[in-house]
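Working notes, structure below.
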Amino acid sequence: MTCAELEILLCDYVDGTLRGEERTALESHLAGCSACAELAKDVAGVTAFIETVAPAEPPAELLTRILHELPTGRPAAEKRSWWWKLTGGPVQALLQPRYVMGMAMTVLSFSMIARFAHIEPRQLRPADLDPVKIWASIDDRSHRMWDRTMKYYDNLRLVIEIQSRLKEWTDQEPAPNAGASKQKAESSGQKPEAGTSEKKR
Amino acid sequence: MATVAIPAAKWNWVPPYSQSRDAQGRTAKNLDADAQLVERCLAGQDAAWEDLVKVHTRRVYSICYRFTSSDAEAQDLTQDVFLRVFKNLKSFRSGEGLFVVWLTRLTRNLLIDHYRRTRMDRATESIEDQVKVLEETTAMLARTDGMLAGREASEVLQAGLQKLSPELRETVILRDLEELEYREIAQVLNVPEGTVKSRLNRGRAELARVLRRHKVRI
């Protein structure tokens with residue numbers, strides 16, 4: 001037996017599964033080869049040492065962490081029929097905690113806004129559902145809202161100031177033009193017509 | 001040629017694997033249970049996923065911890081392994097091999113990716129940290145006179161494993177700690193069985209040298 005052959009059989013020898021002629025040949029090689037004997041001793045020693053080692057135990061919370069992170073039911077969902085995907089799928093997706101929480105927060109926000117804006121919800125009656133009445137109500141409300149918005153805009157101090165400043169500028173603008181035309185008329189020897197500037201103003 | 005006398009007691013010990021195989025529970029019944037568990041998972045049963053994680057967390061964590069030597073990294077990697085199992089379980093075919101082998105191969109691939117990704121971090125790891133670990137190990141050995149067992153032996157082994165190359169380390173972990181068959185290790189590592197045995201001998205011999213250097217009696 002060569003050293004290379006021994007190396008292949010050494011694992012089985014250490015395991016105790018090597019039998020018969022191969023075992024005898026290996027043992028006789030070990031008796032005559034110091035390098036292989038040292039290798040065999042090291043291998044056996046380490047194997048015995050590892051046997052005494054305590055196993056590496058995962059912390060208890062790891063299991064909970066993994067189970068929490070694993071998404072549930074996804075592989076099976078892919079096998080479900082088309083009608084389930086069409087109806088149940090989107091509904092299931094909407095029922096996820098984050099969406100439900102989002103919807104709850106939206107309802108809460110709107111109810112708080114309505115409360116602060118003094119919007120009083122009242123009981124609906126069958127007559128309220130008449131399309132003509134609904135249209136009339138929407139039209140009336142939109143016109144009222146438009147008027148109210150315009151009035152509010154016109155009454156803004158800033159708007160009034162800007163408007164009055166613009167008016168002043170448009171009033172002042174013709175004056176330099178009138179002066180320029182007067183000078184032009186004088187240089188050409190013509191008498192400016194009386195009341196021209198006044199007319200422009 | 002000088003003849004080296006090998007202590008007879010050393011060669012009369014009961015082979016470790018003939019004892020521990022049963023303890024490990026790698027029986028046909030368990031393999032059947034794995035296959036059934038996988039089928040239930042694929043059928044969309046949430047309880048089956050829970051069982052699958054419960055049964056295999058210890059093995060996956062142990063491989064990750066022994067390879068990385070870091071509890072935090074091992075936990076993160078174990079979690080990644082199960083997320084990947086969840087996504088790729090459909091690709092597992094029970095007729096083509098054991099679930100344990102498939103799971104171990106997946107874990108090993110993730111570990112190799114992690115090893116390559118963190119190569120720079122390891123290169124810049126402070127020498128002070130390494131010296132500290134060495135001092136602690138030496139102090140422990142002085143206290144125990146080189147005879148170690150249990151938790152202390154585990155820590156010394158961990159320090160020794162880190163000195164091995166990734167190829168030798170993974171082979172020693174899969175055989176000596178996870179107790180996989182040579183054929184299964186060959187499937188996981190995608191190498192011939194002869195290469196597995198050769199790596200195992202080299203890994204064990206290297207580990208023996210490292211342990212001896214740290215005054216551990218083997």
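If you're wondering about the labels, chains in the structure tokens are A, B, ... by order shown, residues count from 1 in each chain, ligands from 1 in order shown.
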### Query
For chain A, which residues have at least one atom within 6 Å of chain B, if we go by only C-alpha atoms? Write them as a ChimeraX atom specification, please.
/A:15-16,31-32,34,42-43,45-46,52-54,56,66,73,76
Would you output that residue set with C-alpha atoms, as an mmCIF file, in the first residue's frame?
```
data_model
loop_
_atom_site.group_PDB
_atom_site.id
_atom_site.type_symbol
_atom_site.label_atom_id
_atom_site.label_comp_id
_atom_site.auth_asym_id
_atom_site.auth_seq_id
_atom_site.Cartn_x
_atom_site.Cartn_y
_atom_site.Cartn_z
ATOM 1 C CA ASP A 15 -14.574 5.529 11.252
ATOM 2 C CA GLY A 16 -14.015 1.864 12.041
ATOM 3 C CA ALA A 31 3.845 0.392 11.241
ATOM 4 C CA GLY A 32 6.481 1.132 8.605
ATOM 5 C CA SER A 34 6.327 7.433 10.307
ATOM 6 C CA ASP A 42 -3.400 13.502 14.324
ATOM 7 C CA VAL A 43 -6.577 12.572 12.476
ATOM 8 C CA GLY A 45 -6.807 12.684 17.924
ATOM 9 C CA VAL A 46 -8.782 15.504 16.369
ATOM 10 C CA THR A 52 -16.014 16.160 23.352
ATOM 11 C CA VAL A 53 -17.086 19.501 21.927
ATOM 12 C CA ALA A 54 -20.447 20.924 23.015
ATOM 13 C CA ALA A 56 -23.471 25.074 18.961
ATOM 14 C CA ILE A 66 -37.189 33.353 11.453
ATOM 15 C CA GLY A 73 -48.706 30.947 2.272
ATOM 16 C CA ALA A 76 -49.515 27.763 -2.245
#
```
### Task
Tell me which protein, DNA and RNA residues are within 12 Å of Asn190 in chain B, counting only C-alpha atoms, leaving out same-chain ones fewer than 6 positions away, and put them as a PyMOL selection string.
chain B and resi 101-102+104-105+108-109+167+171+182-184+196
Serialized selection, C-alpha atoms, as a PDB file, in the first residue's frame:
```pdb
ATOM      1  CA  VAL B 101     -28.291  17.533   1.522  1.00  0.00           C
ATOM      2  CA  TRP B 102     -30.250  20.134  -0.451  1.00  0.00           C
ATOM      3  CA  THR B 104     -26.833  21.957   3.493  1.00  0.00           C
ATOM      4  CA  ARG B 105     -25.810  22.786  -0.072  1.00  0.00           C
ATOM      5  CA  ARG B 108     -22.905  26.256   2.120  1.00  0.00           C
ATOM      6  CA  ASN B 109     -23.477  28.379  -1.004  1.00  0.00           C
ATOM      7  CA  GLU B 167     -12.368  24.239   1.791  1.00  0.00           C
ATOM      8  CA  THR B 171     -15.298  19.615   5.026  1.00  0.00           C
ATOM      9  CA  TYR B 182     -18.953  11.189   2.518  1.00  0.00           C
ATOM     10  CA  ARG B 183     -21.362  10.752  -0.381  1.00  0.00           C
ATOM     11  CA  GLU B 184     -23.576  13.525   0.971  1.00  0.00           C
ATOM     12  CA  VAL B 196     -13.714  14.871   0.321  1.00  0.00           C
TER      13      VAL B 196
END
```
#### Entry: Length of the CA of Thr17 in chain A to CA of Asp32 in chain B vector [Å]
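Straight-line distance from CA of Thr17 in chain A to CA of Asp32 in chain B works out to 26.0 Å.
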